[in-house]
Amino acid sequence: MHSPRLFCLISTTALLASCKVGPNYTQPEVGTPSIFRYGSSKSSRSLGDLDWRSVFKDAALRSLIEETLANNLDLRVAATRVLQAQAGVVSARSQFFPMIGAGYDFTHTQVSKNLQLGNVNIPSVFDNEQHSVGISLLQYEADFWGKIRRSNEAARAKLVATQEGQRQVQSGLIAGVATAFVTLREQDLELSIASRTLAARTQSLNLITTRQKGGQSSLTDVKQAEVLVAEAEAAMRVIEKQIAQLENQLSYLAGRAPGSIRRSGGLASGIVVPAPAGLPSDLLNRRPDIRVAEQSLIAATAQIGVAKAQLLPSFTLTAGAGLRSKEFGDLFNNPTRLWQIGPSVSVPVFTAGRLMAGLRISQAAREGAEAEYRKIVLQALREVSDALISRQKSAGLTTAQRSVVTARQEALNLIRQSYENGATSYLEVLYNDQQLFGAELSLARAQLQEVTASIELYRSLGGGWDRTSLPLP
C-alpha cells in the first residue's frame, strides 16, 4: 500500500542527489596558430617531448642537474604544497560520509533547600548522579545541490595545479642550471682568451722595451704596450669574479654550500637539439604553467557551484543512541536505553547580501582565472617564437663574428709587420690589438647566445620535467 509513496520518495531523493548547480567546466577557445612563428615545419615531433637526459649529454651537467633535483629547496617547497593539496582532497571527500562520535558523560547534581514542618525549618540536601554512554551522528548533510561534489572538484583541481606547479619548478630549474652551466663555460673561454692575450701582450711589451733600450722604439710605444697588458689583467680579474659567482649560484641551486663546479669540454659540447618545435596546440597539454592556469580555472568554475548551493535549502541529519543509569555499575547491566534522530532543513532567509556577494566573488574569480589562462597561453606562444628567432639569428651572428675575428687577426699580423719595418706607428698596433681582443670576446658571447637560445627553446616548449615521478619531501 505504501510502495508508490516509497518509490516516489526514493526517486525524488535520487533526482535531487544527482543535481549539481553551477556551470560545468569547458576549456576556453584560445585559437593557437597552425605553426610557430619562425618555426620551420608542422611536424608533431617536438623538442619539448624529449627527456632532459636526451637533450643534455654532458656527464658533468647531467650530474649537476640530478643533484639539483634531489636537493633543491624550491623543489622541496613545491613538493610540500602537493602534500597539502592531497590532504585538502581527503578533507573535501570526507564530507560525503557521516561523522560518528562516541562519548561518556557523568553529571552530579546537588540541590539544597529547607523543608518547612510547622514552625521548624529542616535543611535538606538532594543528590542526583547520571552516567551515560553513547554514539552520535554529527551533522550529516545530504548533497542535494552538489555543493560537496563541487567542493571535491575544486580540491582535485587544486591538487593537480600544485602537481603541475612542481613540474614547472623542475622545468625551470633544469633550464636554469643548464644556462648557468654553459655561461660558466663561456666565462672559462673568455678567461682563456684574456690569459692568451695577456701572454701575447706581455711578450710584445718585453720586445718593445728591448727595442726602446736599443733606440729602435720610443718610450711612448712602451707606455702604450703597458696599457695593453694592464687592460688584459683587468679583464681577467672581472672574468674570475664572474666565474666564482656563477659557481656559487650553481652550488645554491644544487642545495649545497658555495664551492667549485666540475666541468670539462667546450662551450657547446653535450647540448643536443635535434628535434623541431612541434605544434603550438601541444603546448596546452605540455607546458606546466598552462596546465596550472587551467586547473585553477577548473577550481574557480567549481566554486561557483559551491556558492550557488549556499543560496538553497540544506538538508542535514543528526542521530544518536546511548545508555544511561544512575550508577556506573548499572550502565551496562540495567540501563535506560535512549535514541534520537533529527532530520532538519535550513533555508537562508536574510543574510544581508553575504551569500549573493559570495556568488559574485566566485564568478569574478572565475573570469579572472580565464583571463589568466588566456594570458599564459599567449605568453607561451611568444616565448617559443622568441626562442626560435633567437636561435636562428644567434647562429648567423656566430658565423659573422667568427669572420670578424679572422679578419681582425689577419689585420693585426699585417700591422705588426709594418710596425717592425718602421712603416707605421705602434698606435696602429694598439688599436688593432684592442679590436681583436674585443672581437674574440664577442665571438664567445655569440656562441653562448646560440646555446642558451636552444636551452630556452627547450624550456619554453614545456620540456624538462620528469613525466614518471617527482620527488616528495
# chains A, B, ... in the order shown; residues from 1 in each chain; ligands from 1
>>> residues_around(residues="Thr209 (chain A)", least_positions_apart="3", cutoff="10 Å", atoms="only C-alpha atoms", output="PyMOL selection string")
chain A and resi 203-206+212-219+221-223+225-226
>>> write_last_selection(atoms="N, CA and C atoms", output="short mmCIF file (atom, residue, chain, number, x, y, z; two decimals), in the first residue's frame")
data_model
loop_
_atom_site.label_atom_id
_atom_site.label_comp_id
_atom_site.auth_asym_id
_atom_site.auth_seq_id
_atom_site.Cartn_x
_atom_site.Cartn_y
_atom_site.Cartn_z
N GLN A 203 104.61 39.54 -23.92
CA GLN A 203 105.76 39.27 -24.80
C GLN A 203 106.06 40.48 -25.68
N SER A 204 105.00 41.11 -26.18
CA SER A 204 105.21 42.31 -27.01
C SER A 204 105.82 43.43 -26.18
N LEU A 205 105.37 43.59 -24.93
CA LEU A 205 105.94 44.62 -24.07
C LEU A 205 107.43 44.39 -23.85
N ASN A 206 107.80 43.15 -23.63
CA ASN A 206 109.22 42.85 -23.43
C ASN A 206 110.04 43.18 -24.67
N GLN A 212 113.27 49.77 -27.28
CA GLN A 212 113.41 51.14 -26.78
C GLN A 212 114.78 51.37 -26.19
N LYS A 213 115.30 50.35 -25.49
CA LYS A 213 116.65 50.47 -24.92
C LYS A 213 117.70 50.53 -26.03
N GLY A 214 117.39 49.91 -27.17
CA GLY A 214 118.33 49.95 -28.30
C GLY A 214 118.11 51.14 -29.19
N GLY A 215 117.13 51.99 -28.82
CA GLY A 215 116.89 53.19 -29.61
C GLY A 215 116.03 52.96 -30.82
N GLN A 216 115.38 51.76 -30.94
CA GLN A 216 114.55 51.48 -32.12
C GLN A 216 113.09 51.83 -31.90
N SER A 217 112.67 52.02 -30.63
CA SER A 217 111.30 52.40 -30.31
C SER A 217 111.34 53.53 -29.30
N SER A 218 110.21 54.23 -29.23
CA SER A 218 110.11 55.36 -28.30
C SER A 218 109.54 54.90 -26.97
N LEU A 219 109.72 55.77 -25.97
CA LEU A 219 109.13 55.48 -24.65
C LEU A 219 107.61 55.47 -24.74
N ASP A 221 105.83 54.16 -27.12
CA ASP A 221 105.45 52.79 -27.52
C ASP A 221 105.44 51.86 -26.32
N VAL A 222 106.42 52.02 -25.45
CA VAL A 222 106.49 51.18 -24.24
C VAL A 222 105.26 51.42 -23.37
N LYS A 223 104.91 52.69 -23.15
CA LYS A 223 103.75 53.00 -22.30
C LYS A 223 102.45 52.49 -22.92
N ALA A 225 102.21 49.86 -24.81
CA ALA A 225 102.23 48.41 -24.61
C ALA A 225 101.86 48.06 -23.17
N GLU A 226 102.28 48.88 -22.23
CA GLU A 226 101.92 48.65 -20.83
C GLU A 226 100.41 48.80 -20.62
#
>>> residues_around(residues="region 300-304 of chain A", least_positions_apart="3", cutoff="7 Å", atoms="only C-alpha atoms", output="list in words")
Gly22, Pro23, Tyr25, Arg150, Ser151, Glu153, Ala154, Ser296, Leu297, Ala307, Lys308, Leu359, Ser362, Gln363, Ala365 and Arg366 of chain A
>>> closest_residue(among="A:Arg416, A:Ala277, A:Ala87, A:Asn72", to="Ser41 (chain A)", atoms="only C-alpha atoms")
A:Ala277
>>> residues_around(residues="region 229-241 of chain A", least_positions_apart="2", cutoff="8 Å", atoms="only C-alpha atoms", output="count of residues only")
16
>>> residues_around(residues="Glu247 (chain A)", least_positions_apart="2", cutoff="12 Å", atoms="only C-alpha atoms", output="VMD selection string")
chain A and resid 64 177 180 to 185 187 to 188 240 to 245 249 to 254 256 to 263
